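The structure file run.cif is reproduced below (mmCIF, C-alpha atoms).
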```
data_my_file
#
loop_
_atom_site.label_atom_id
_atom_site.label_comp_id
_atom_site.auth_asym_id
_atom_site.auth_seq_id
_atom_site.Cartn_x
_atom_site.Cartn_y
_atom_site.Cartn_z
CA MET L 60 55.40 175.70 239.33
CA ASN L 61 57.28 176.76 242.46
CA ILE L 62 55.16 179.28 244.37
CA ARG L 63 58.06 179.93 246.74
CA SER L 64 59.87 181.71 243.92
CA LEU L 65 57.23 184.46 243.97
CA THR L 66 58.33 187.85 245.28
CA ARG L 67 56.55 190.46 247.37
CA GLY L 68 55.98 192.46 244.20
CA ASP L 69 54.21 189.46 242.70
CA GLY L 70 51.99 189.34 245.77
CA VAL L 71 50.99 192.98 245.23
CA VAL L 72 50.28 192.25 241.56
CA ILE L 73 48.04 189.33 242.55
CA GLY L 74 46.16 191.53 245.04
CA ALA L 75 45.68 194.25 242.41
CA ALA L 76 44.34 191.67 239.94
CA VAL L 77 41.81 190.48 242.53
CA LEU L 78 40.72 194.09 243.13
CA LEU L 79 40.35 194.59 239.36
CA PHE L 80 38.19 191.47 239.08
CA ILE L 81 35.91 192.72 241.89
CA ALA L 82 35.69 196.18 240.30
CA SER L 83 34.56 194.66 237.01
CA PHE L 84 31.18 193.80 238.59
CA LEU L 85 30.57 197.35 239.88
CA ASP L 86 28.98 200.34 238.15
CA LEU L 87 30.54 201.61 234.95
CA TYR L 88 28.78 205.00 235.11
CA SER L 89 27.72 207.45 237.76
CA ILE L 90 24.62 209.46 236.77
CA ASP L 91 23.58 212.42 238.89
CA GLY L 92 19.91 212.40 239.89
CA ALA L 93 19.32 208.88 238.63
CA PRO L 94 16.64 206.92 240.52
CA ASP L 95 17.66 203.98 242.66
CA SER L 96 15.75 201.66 240.37
CA LEU L 97 18.04 202.47 237.42
CA ASP L 98 20.13 199.46 236.46
CA VAL L 99 23.61 200.88 235.76
CA PRO L 100 25.73 198.52 233.64
CA SER L 101 28.94 197.01 234.99
CA LEU L 102 32.36 197.00 233.34
CA TRP L 103 31.44 193.71 231.62
CA SER L 104 28.84 195.61 229.57
CA SER L 105 31.43 197.72 227.75
CA GLY L 106 33.59 195.97 225.16
CA PRO L 107 36.46 198.50 225.21
CA VAL L 108 36.61 198.49 229.01
CA LEU L 109 36.31 194.72 229.25
CA LEU L 110 39.05 194.00 226.69
CA GLY L 111 41.36 196.95 227.26
CA VAL L 112 41.17 197.20 231.05
CA VAL L 113 39.75 194.13 232.81
CA LEU L 114 41.04 191.26 230.67
CA ALA L 115 44.30 192.98 229.74
CA GLY L 116 45.10 193.63 233.39
CA ILE L 117 44.15 190.16 234.66
CA ILE L 118 45.95 188.34 231.84
CA GLY L 119 49.04 190.52 232.32
CA ALA L 120 49.13 189.74 236.05
CA ALA L 121 48.71 186.02 235.36
CA LEU L 122 51.61 186.02 232.88
CA ILE L 123 53.88 187.79 235.39
CA VAL L 124 53.09 185.32 238.18
CA VAL L 125 53.34 182.21 235.99
CA ALA L 126 56.64 183.36 234.49
CA ARG L 127 58.08 183.86 237.97
CA GLY L 128 57.10 180.39 239.10
CA LEU L 129 58.46 178.51 236.07
CA PRO L 130 62.13 177.45 235.90
CA GLN L 131 62.32 178.55 232.26
CA ALA L 132 59.48 180.80 231.10
CA PRO L 133 58.54 180.63 227.40
CA LYS L 134 58.51 183.66 225.12
CA VAL L 135 55.38 185.44 223.90
CA ALA L 136 55.68 187.43 220.66
CA GLY L 137 59.46 187.40 221.00
CA LEU L 138 59.37 188.75 224.57
CA ASP L 139 59.82 186.97 227.85
CA MET L 140 56.47 186.03 229.36
CA ALA L 141 57.02 188.36 232.32
CA GLN L 142 57.93 191.29 230.03
CA PHE L 143 54.82 190.69 227.93
CA GLY L 144 52.73 190.61 231.10
CA ILE L 145 54.22 193.91 232.29
CA ALA L 146 53.41 195.48 228.92
CA LEU L 147 49.79 194.32 229.25
CA THR L 148 49.43 195.82 232.73
CA VAL L 149 50.79 199.17 231.53
CA PHE L 150 48.34 199.06 228.59
CA ALA L 151 45.46 198.27 230.96
CA ALA L 152 46.33 201.24 233.19
CA TRP L 153 46.56 203.53 230.16
CA SER L 154 43.16 202.32 228.89
CA ALA L 155 41.57 202.78 232.33
CA LEU L 156 42.89 206.35 232.48
CA GLY L 157 41.33 207.12 229.08
CA ASN L 158 37.98 205.72 230.16
CA ILE L 159 38.04 207.84 233.31
CA PHE L 160 38.41 210.98 231.21
CA ASP L 161 35.67 209.94 228.78
CA PRO L 162 33.46 207.21 230.24
CA ALA L 163 30.73 207.84 227.68
CA GLY L 164 33.12 206.97 224.85
CA GLY L 165 32.25 209.97 222.70
CA ALA L 166 28.46 209.59 222.98
CA ASP L 167 28.28 212.94 224.75
CA ASN L 168 29.69 214.72 221.69
CA PHE L 169 26.36 214.67 219.84
CA GLU L 170 24.54 217.98 219.68
CA GLY L 171 22.31 218.30 222.71
CA GLY L 172 23.83 215.23 224.28
CA GLY L 173 24.91 217.05 227.42
CA ASP L 174 27.92 216.24 229.48
CA GLY L 175 27.10 212.55 229.67
CA PRO L 176 27.61 210.24 232.67
CA ASP L 177 30.60 210.32 234.99
CA ALA L 178 32.92 207.45 235.79
CA GLY L 179 31.32 204.94 238.12
CA THR L 180 32.73 203.15 241.16
CA GLY L 181 33.87 200.17 239.15
CA LEU L 182 35.79 202.28 236.65
CA ILE L 183 37.51 204.27 239.40
CA LEU L 184 38.57 201.10 241.27
CA ALA L 185 39.74 199.59 237.98
CA LEU L 186 42.02 202.59 237.42
CA ILE L 187 43.49 202.26 240.93
CA ALA L 188 44.03 198.51 240.52
CA THR L 189 45.69 198.76 237.11
CA LEU L 190 47.91 201.66 238.17
CA VAL L 191 49.14 199.75 241.23
CA MET L 192 49.61 196.62 239.14
CA ALA L 193 51.62 198.40 236.43
CA VAL L 194 53.82 200.41 238.81
CA VAL L 195 54.68 197.41 241.00
CA ALA L 196 55.28 195.13 238.00
CA VAL L 197 57.77 197.61 236.55
CA ALA L 198 59.44 198.36 239.91
CA THR L 199 59.79 194.79 241.21
CA PRO L 200 63.12 194.03 239.43
CA LEU L 201 64.50 197.38 240.63
CA VAL L 202 63.40 197.67 244.28
CA PRO L 203 65.04 195.24 246.77
CA ALA L 204 62.03 195.27 249.09
CA LEU L 205 59.80 194.06 246.25
CA LYS L 206 62.33 191.47 245.06
CA ALA L 207 62.33 189.70 248.44
CA ALA L 208 60.67 186.29 248.58
CA LEU L 209 56.94 186.31 249.29
CA LEU L 210 57.14 183.04 251.25
CA GLY L 211 60.16 182.28 253.40
CA ALA L 212 62.06 179.09 252.72
CA PRO L 213 61.24 176.31 255.22
CA ARG L 214 64.24 175.30 257.29
CA PRO L 215 65.39 171.71 256.86
CA ALA L 216 64.58 169.43 259.79
CA THR L 217 68.15 168.17 260.30
CA PRO L 218 70.74 169.72 257.97
CA GLN L 219 73.40 167.13 257.14
CA PRO L 220 77.00 167.74 256.06
CA TYR L 221 78.04 166.89 252.53
CA GLY L 222 78.35 163.15 252.17
CA GLY L 223 75.93 162.42 255.05
CA GLN L 224 72.57 160.76 254.79
CA PRO L 225 69.86 163.42 254.99
CA SER L 226 66.41 162.09 255.79
CA GLY L 227 64.34 162.45 252.64
CA GLY L 228 67.14 164.39 250.95
CA TYR L 229 67.97 164.30 247.29
CA GLY L 230 70.59 162.38 245.33
CA TYR L 231 72.03 160.33 248.19
CA PRO L 232 71.84 156.58 248.91
CA GLY L 233 70.04 155.05 251.84
CA ALA L 234 71.31 154.39 255.31
CA GLN L 235 74.95 153.39 255.78
CA GLN L 236 75.91 149.84 256.68
CA PRO L 237 76.82 149.37 260.34
CA GLN L 238 80.51 149.82 261.00
CA GLN L 239 82.58 146.79 262.07
CA PRO L 240 84.19 147.54 265.47
CA TYR L 241 87.96 147.59 265.59
CA GLY L 242 89.26 144.08 266.21
CA GLY L 243 85.86 142.47 265.66
CA GLN L 244 85.28 139.45 263.46
CA PRO L 245 83.88 140.10 259.99
CA GLY L 246 80.56 138.58 259.13
CA PRO L 247 79.97 136.00 256.40
CA GLY L 248 80.98 137.23 252.99
CA GLN L 249 82.88 140.24 254.39
CA PRO L 250 86.62 140.62 253.85
CA GLY L 251 88.80 140.38 256.92
CA PRO L 252 91.77 142.58 257.79
CA GLY L 253 94.46 142.41 255.18
CA GLN L 254 92.18 140.78 252.62
CA PRO L 255 91.48 142.35 249.26
CA GLY L 256 88.46 144.64 249.38
CA GLN L 257 89.08 145.78 252.96
CA PRO L 258 87.97 149.46 253.16
CA GLY L 259 90.98 151.73 253.21
CA GLN L 260 93.40 148.79 252.63
CA PRO L 261 95.05 148.58 249.19
CA PHE L 262 95.24 145.18 247.51
CA GLY L 263 98.35 143.39 248.75
CA GLY L 264 98.96 145.92 251.54
CA GLN L 265 99.99 145.09 255.07
CA PRO L 266 97.40 144.79 257.80
CA GLY L 267 97.43 147.70 260.17
CA ALA L 268 98.94 150.11 257.65
CA PRO L 269 97.28 153.56 258.05
CA ALA L 270 94.95 154.57 255.25
CA PRO L 271 95.80 157.76 253.38
CA GLN L 272 94.13 160.77 254.95
CA ALA L 273 92.30 163.46 252.97
CA PRO L 274 93.75 166.95 253.30
CA ALA L 275 92.08 169.02 255.98
CA SER L 276 89.92 171.94 254.96
CA ASP L 277 88.42 174.82 256.89
CA PHE L 278 85.26 174.77 254.74
CA SER L 279 82.31 172.70 255.91
CA PRO L 280 79.51 172.04 253.39
CA PHE L 281 76.14 173.47 254.37
CA TRP L 282 72.60 173.83 253.10
CA PHE L 283 71.39 177.22 251.91
CA ALA L 284 68.49 178.97 250.15
CA VAL L 285 68.55 182.06 247.95
CA PRO L 286 66.24 185.07 248.56
CA VAL L 287 65.56 185.63 244.83
CA PRO L 288 66.17 183.58 241.67
CA ARG L 289 69.90 183.51 240.88
CA PRO L 290 71.89 181.89 238.07
CA LEU L 291 74.35 179.05 238.61
CA PHE L 292 77.35 179.33 236.30
CA ALA L 293 79.63 176.60 234.96
CA GLU L 294 82.66 175.61 237.05
CA ASP L 295 85.10 176.32 234.20
CA GLY L 296 84.87 180.06 234.86
CA SER L 297 82.71 180.88 231.84
CA GLN L 298 79.46 182.81 232.04
CA THR L 299 77.43 179.82 230.83
CA THR L 300 74.32 179.38 232.98
CA ILE L 301 73.71 175.71 233.84
CA ALA L 302 70.75 176.23 236.19
CA GLU L 303 68.76 178.83 238.09
CA LEU L 304 68.44 178.58 241.86
CA ALA L 305 64.91 179.33 243.03
CA PRO L 306 63.83 180.66 246.44
CA GLY L 307 62.15 178.14 248.71
CA THR L 308 64.50 175.28 247.72
CA TRP L 309 67.51 174.13 249.72
CA TYR L 310 70.80 173.61 247.89
CA LEU L 311 74.12 172.19 249.09
CA ALA L 312 77.25 174.34 249.12
CA VAL L 313 80.15 171.96 248.58
CA GLU L 314 83.06 174.34 248.09
CA GLN L 315 83.99 177.99 248.50
CA ARG L 316 85.92 179.95 245.90
CA GLY L 317 86.62 183.38 247.28
CA PRO L 318 83.24 185.11 247.72
CA ALA L 319 81.53 182.55 245.46
CA LEU L 320 80.16 179.12 246.34
CA VAL L 321 80.12 175.87 244.40
CA ALA L 322 76.56 174.60 244.77
CA GLN L 323 74.87 171.33 243.92
CA THR L 324 71.28 171.19 242.64
CA GLN L 325 68.67 168.51 243.29
CA ASP L 326 69.53 166.67 240.08
CA GLY L 327 73.24 166.54 240.91
CA ARG L 328 74.46 169.41 238.73
CA ARG L 329 77.25 171.56 240.17
CA GLY L 330 78.03 175.16 239.39
CA VAL L 331 79.30 178.43 240.79
CA LEU L 332 76.96 180.81 242.61
CA GLN L 333 78.64 184.18 242.16
CA ASP L 334 76.09 186.31 244.05
CA THR L 335 75.89 184.99 247.64
CA SER L 336 74.42 188.10 249.24
CA GLY L 337 71.42 187.50 251.49
CA ILE L 338 71.48 183.69 251.33
CA GLN L 339 69.83 181.78 254.18
CA ARG L 340 71.94 179.03 255.73
CA GLY L 341 70.31 175.84 256.95
#
```

So that I can check it, write out the structure of this file as structure tokens.
Amino acid sequence: MNIRSLTRGDGVVIGAAVLLFIASFLDLYSIDGAPDSLDVPSLWSSGPVLLGVVLAGIIGAALIVVARGLPQAPKVAGLDMAQFGIALTVFAAWSALGNIFDPAGGADNFEGGGDGPDAGTGLILALIATLVMAVVAVATPLVPALKAALLGAPRPATPQPYGGQPSGGYGYPGAQQPQQPYGGQPGPGQPGPGQPGQPGQPFGGQPGAPAPQAPASDFSPFWFAVPVPRPLFAEDGSQTTIAELAPGTWYLAVEQRGPALVAQTQDGRRGVLQDTSGIQRG
């Protein structure tokens, strides 16, 4: 699970879930004129409040956060895990609102039962927590400020150009062999000038012949990180998604195609990043 893929909205959802958990240990009712010695039950003492508000809200928040941190979130009841979590948080807020209106659960409807108790501190805080959780969970995909990464991507120590040897990087061999100085004598087992296997010298070629030069390009490969999860499409121009770039991970841009970039993932896959807005260069 990549915690750097979490957004600011996910951070608010986590905070609201913590507030809901704390509220679950506070008073369920508020009774006017009750003595201090009266032991008022907490939210854990009411089955409807515990299942419909506390557990529904906490489980919904957990599903949202876990789904954001996984590269490919599984489905729950035919829905994406994050969508199912959002539905649970909305249900928890709706249940909390109903319990605020009728904390006694209908017990005050008996003849002579009176008005019954009011909503306690725990129930009021639970309503606030679930409302914040539901609103932010729904708004996160829509509001840019909430979609921003919760934790900034760490900058690489020494960004290397494509084909270099990054220290601790991915997918590249170890250190290069020391270069033989021009005119120096080759070591044992190394081909000399004009011998087959000489770097840049074709078999049977003449010594001193210039090696073919690669065409010059104005583009220089660079490392970059994305602010939010973004899909990486196939290089053939189709809309087939081959990977998803996650915030907090550095990727290598190896080519530019108009406004898009050809990026390489840690496992060596290459694809086209069509949305390059807001990327962080290394």

Residues matched by the PyMOL selection byres ((chain L and resi 140-156) around 6) as a ChimeraX atom specification: /L:111-112,115-116,119,122-123,126,134-135,138-139,157-159,186,189-190,193,196

Export C-alpha atoms of the chosen residues as a PDB file, keeping the file's coordinate frame?
```
ATOM      1  CA  GLY L 111      41.360 196.950 227.260  1.00  0.00           C
ATOM      2  CA  VAL L 112      41.170 197.200 231.050  1.00  0.00           C
ATOM      3  CA  ALA L 115      44.300 192.980 229.740  1.00  0.00           C
ATOM      4  CA  GLY L 116      45.100 193.630 233.390  1.00  0.00           C
ATOM      5  CA  GLY L 119      49.040 190.520 232.320  1.00  0.00           C
ATOM      6  CA  LEU L 122      51.610 186.020 232.880  1.00  0.00           C
ATOM      7  CA  ILE L 123      53.880 187.790 235.390  1.00  0.00           C
ATOM      8  CA  ALA L 126      56.640 183.360 234.490  1.00  0.00           C
ATOM      9  CA  LYS L 134      58.510 183.660 225.120  1.00  0.00           C
ATOM     10  CA  VAL L 135      55.380 185.440 223.900  1.00  0.00           C
ATOM     11  CA  LEU L 138      59.370 188.750 224.570  1.00  0.00           C
ATOM     12  CA  ASP L 139      59.820 186.970 227.850  1.00  0.00           C
ATOM     13  CA  GLY L 157      41.330 207.120 229.080  1.00  0.00           C
ATOM     14  CA  ASN L 158      37.980 205.720 230.160  1.00  0.00           C
ATOM     15  CA  ILE L 159      38.040 207.840 233.310  1.00  0.00           C
ATOM     16  CA  LEU L 186      42.020 202.590 237.420  1.00  0.00           C
ATOM     17  CA  THR L 189      45.690 198.760 237.110  1.00  0.00           C
ATOM     18  CA  LEU L 190      47.910 201.660 238.170  1.00  0.00           C
ATOM     19  CA  ALA L 193      51.620 198.400 236.430  1.00  0.00           C
ATOM     20  CA  ALA L 196      55.280 195.130 238.000  1.00  0.00           C
TER      21      ALA L 196
END
```

Computed interatomic separation between CA of Ala208 in chain L and CA of Ser297 in chain L (Å): 28.2 Å

Please evaluate the PyMOL selection byres ((chain L and resi 300-309) around 7) against the structure above and give the resulting residues as a JSON list (two decimals) with C-alpha atoms, keeping the file's coordinate frame.
```json
[["chain", "number", "residue", "atom", "x", "y", "z"],
["L", 63, "ARG", "CA", 58.06, 179.93, 246.74],
["L", 64, "SER", "CA", 59.87, 181.71, 243.92],
["L", 208, "ALA", "CA", 60.67, 186.29, 248.58],
["L", 211, "GLY", "CA", 60.16, 182.28, 253.40],
["L", 212, "ALA", "CA", 62.06, 179.09, 252.72],
["L", 213, "PRO", "CA", 61.24, 176.31, 255.22],
["L", 282, "TRP", "CA", 72.60, 173.83, 253.10],
["L", 283, "PHE", "CA", 71.39, 177.22, 251.91],
["L", 284, "ALA", "CA", 68.49, 178.97, 250.15],
["L", 285, "VAL", "CA", 68.55, 182.06, 247.95],
["L", 286, "PRO", "CA", 66.24, 185.07, 248.56],
["L", 287, "VAL", "CA", 65.56, 185.63, 244.83],
["L", 288, "PRO", "CA", 66.17, 183.58, 241.67],
["L", 289, "ARG", "CA", 69.90, 183.51, 240.88],
["L", 290, "PRO", "CA", 71.89, 181.89, 238.07],
["L", 291, "LEU", "CA", 74.35, 179.05, 238.61],
["L", 292, "PHE", "CA", 77.35, 179.33, 236.30],
["L", 293, "ALA", "CA", 79.63, 176.60, 234.96],
["L", 298, "GLN", "CA", 79.46, 182.81, 232.04],
["L", 299, "THR", "CA", 77.43, 179.82, 230.83],
["L", 310, "TYR", "CA", 70.80, 173.61, 247.89],
["L", 311, "LEU", "CA", 74.12, 172.19, 249.09]]
```

Coordinates-based distance that separates CA of Leu110 in chain L from CA of Leu87 in chain L (Å, one decimal):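 Computing it gives 14.1 Å between the two atoms.
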
Between CA of Ile117 in chain L and CA of Ala76 in chain L, distance in Å (one decimal): 5.5 Å

Counting all atoms listed in the file, the residue of L:Gly330, L:Pro133, L:Gly70, L:Gly181 that sits nearest Glu294 in chain L: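 Closest to Glu294 in chain L of all the choices is L:Gly330.
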
Distance criterion (only C-alpha atoms): nearest to Ser89 in chain L out of L:Gly179, L:Pro162, L:Gly341, L:Gly137: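 Using only C-alpha atoms, Ser89 in chain L sits closest to L:Gly179.
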
Explicit residue set for the PyMOL selection byres ((chain L and resi 197-207) around 6), as a list in words: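 Answer for the PyMOL selection byres ((chain L and resi 197-207) around 6): Thr66, Arg67, Gly68, Val194, Val195, Ala196 and Ala208 of chain L.
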
Residue among L:Gln323, L:Arg127, L:Leu102, L:Phe281 lying closest to Ile338 in chain L, counting all atoms listed in the file: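 Looking only at the distances to Ile338 in chain L, the closest residue turns out to be L:Phe281.
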
Test item: residues at most 9 Å from Ala185 in chain L, only C-alpha atoms, excluding those fewer than 6 positions along its chain, as a list in words: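 Result of the neighbour search: Leu78, Leu79, Phe80, Ile81, Ala82, Ser83, Val112, Val113, Ala152 and Ala155 of chain L.
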
Pick from L:Val124, L:Leu320, L:Leu332, L:Val191 nearest to Leu209 in chain L, counting only C-alpha atoms: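 Comparing L:Val124, L:Leu320, L:Leu332, L:Val191 against Leu209 in chain L, the winner is L:Val124.
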
Is it possible to add N, CA, C and O atoms to range 309-327 of chain L and hand it back as a PDB file, in the frame of the given file?
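And here's result32.pdb as it stands now:
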```pdb
ATOM      1  N   TRP L 309      66.216 174.219 249.048  1.00  0.00           N
ATOM      2  CA  TRP L 309      67.510 174.130 249.720  1.00  0.00           C
ATOM      3  C   TRP L 309      68.536 173.494 248.785  1.00  0.00           C
ATOM      4  O   TRP L 309      68.270 172.476 248.159  1.00  0.00           O
ATOM      5  N   TYR L 310      69.702 174.109 248.708  1.00  0.00           N
ATOM      6  CA  TYR L 310      70.800 173.610 247.890  1.00  0.00           C
ATOM      7  C   TYR L 310      72.018 173.369 248.795  1.00  0.00           C
ATOM      8  O   TYR L 310      72.119 173.931 249.883  1.00  0.00           O
ATOM      9  N   LEU L 311      72.951 172.552 248.303  1.00  0.00           N
ATOM     10  CA  LEU L 311      74.120 172.190 249.090  1.00  0.00           C
ATOM     11  C   LEU L 311      75.343 172.922 248.576  1.00  0.00           C
ATOM     12  O   LEU L 311      75.697 172.811 247.396  1.00  0.00           O
ATOM     13  N   ALA L 312      75.980 173.694 249.449  1.00  0.00           N
ATOM     14  CA  ALA L 312      77.250 174.340 249.120  1.00  0.00           C
ATOM     15  C   ALA L 312      78.370 173.369 249.440  1.00  0.00           C
ATOM     16  O   ALA L 312      78.533 172.957 250.582  1.00  0.00           O
ATOM     17  N   VAL L 313      79.137 172.987 248.414  1.00  0.00           N
ATOM     18  CA  VAL L 313      80.150 171.960 248.580  1.00  0.00           C
ATOM     19  C   VAL L 313      81.568 172.520 248.567  1.00  0.00           C
ATOM     20  O   VAL L 313      82.518 171.815 248.916  1.00  0.00           O
ATOM     21  N   GLU L 314      81.714 173.767 248.172  1.00  0.00           N
ATOM     22  CA  GLU L 314      83.060 174.340 248.090  1.00  0.00           C
ATOM     23  C   GLU L 314      82.941 175.850 248.051  1.00  0.00           C
ATOM     24  O   GLU L 314      81.931 176.401 247.587  1.00  0.00           O
ATOM     25  N   GLN L 315      83.962 176.528 248.542  1.00  0.00           N
ATOM     26  CA  GLN L 315      83.990 177.990 248.500  1.00  0.00           C
ATOM     27  C   GLN L 315      85.164 178.442 247.654  1.00  0.00           C
ATOM     28  O   GLN L 315      86.283 177.950 247.805  1.00  0.00           O
ATOM     29  N   ARG L 316      84.889 179.375 246.751  1.00  0.00           N
ATOM     30  CA  ARG L 316      85.920 179.950 245.900  1.00  0.00           C
ATOM     31  C   ARG L 316      85.885 181.451 246.047  1.00  0.00           C
ATOM     32  O   ARG L 316      85.153 182.153 245.343  1.00  0.00           O
ATOM     33  N   GLY L 317      86.661 181.954 246.986  1.00  0.00           N
ATOM     34  CA  GLY L 317      86.620 183.380 247.280  1.00  0.00           C
ATOM     35  C   GLY L 317      85.246 183.742 247.819  1.00  0.00           C
ATOM     36  O   GLY L 317      84.710 183.082 248.707  1.00  0.00           O
ATOM     37  N   PRO L 318      84.599 184.769 247.267  1.00  0.00           N
ATOM     38  CA  PRO L 318      83.240 185.110 247.720  1.00  0.00           C
ATOM     39  C   PRO L 318      82.165 184.236 247.111  1.00  0.00           C
ATOM     40  O   PRO L 318      81.014 184.305 247.510  1.00  0.00           O
ATOM     41  N   ALA L 319      82.512 183.406 246.133  1.00  0.00           N
ATOM     42  CA  ALA L 319      81.530 182.550 245.460  1.00  0.00           C
ATOM     43  C   ALA L 319      81.459 181.186 246.116  1.00  0.00           C
ATOM     44  O   ALA L 319      82.348 180.780 246.866  1.00  0.00           O
ATOM     45  N   LEU L 320      80.370 180.464 245.823  1.00  0.00           N
ATOM     46  CA  LEU L 320      80.160 179.120 246.340  1.00  0.00           C
ATOM     47  C   LEU L 320      79.929 178.153 245.172  1.00  0.00           C
ATOM     48  O   LEU L 320      79.295 178.518 244.175  1.00  0.00           O
ATOM     49  N   VAL L 321      80.447 176.948 245.312  1.00  0.00           N
ATOM     50  CA  VAL L 321      80.120 175.870 244.400  1.00  0.00           C
ATOM     51  C   VAL L 321      78.931 175.134 244.981  1.00  0.00           C
ATOM     52  O   VAL L 321      79.020 174.578 246.079  1.00  0.00           O
ATOM     53  N   ALA L 322      77.807 175.166 244.266  1.00  0.00           N
ATOM     54  CA  ALA L 322      76.560 174.600 244.770  1.00  0.00           C
ATOM     55  C   ALA L 322      76.142 173.406 243.941  1.00  0.00           C
ATOM     56  O   ALA L 322      76.498 173.281 242.765  1.00  0.00           O
ATOM     57  N   GLN L 323      75.383 172.525 244.574  1.00  0.00           N
ATOM     58  CA  GLN L 323      74.870 171.330 243.920  1.00  0.00           C
ATOM     59  C   GLN L 323      73.354 171.371 243.931  1.00  0.00           C
ATOM     60  O   GLN L 323      72.743 171.609 244.969  1.00  0.00           O
ATOM     61  N   THR L 324      72.732 171.159 242.756  1.00  0.00           N
ATOM     62  CA  THR L 324      71.280 171.190 242.640  1.00  0.00           C
ATOM     63  C   THR L 324      70.685 169.822 242.979  1.00  0.00           C
ATOM     64  O   THR L 324      71.406 168.858 243.216  1.00  0.00           O
ATOM     65  N   GLN L 325      69.342 169.753 242.942  1.00  0.00           N
ATOM     66  CA  GLN L 325      68.670 168.510 243.290  1.00  0.00           C
ATOM     67  C   GLN L 325      68.999 167.386 242.333  1.00  0.00           C
ATOM     68  O   GLN L 325      69.011 166.227 242.727  1.00  0.00           O
ATOM     69  N   ASP L 326      69.241 167.726 241.065  1.00  0.00           N
ATOM     70  CA  ASP L 326      69.530 166.670 240.080  1.00  0.00           C
ATOM     71  C   ASP L 326      71.018 166.374 239.956  1.00  0.00           C
ATOM     72  O   ASP L 326      71.441 165.694 239.022  1.00  0.00           O
ATOM     73  N   GLY L 327      71.829 166.880 240.881  1.00  0.00           N
ATOM     74  CA  GLY L 327      73.240 166.540 240.910  1.00  0.00           C
ATOM     75  C   GLY L 327      74.154 167.463 240.125  1.00  0.00           C
ATOM     76  O   GLY L 327      75.371 167.263 240.129  1.00  0.00           O
TER      77      GLY L 327
END
```
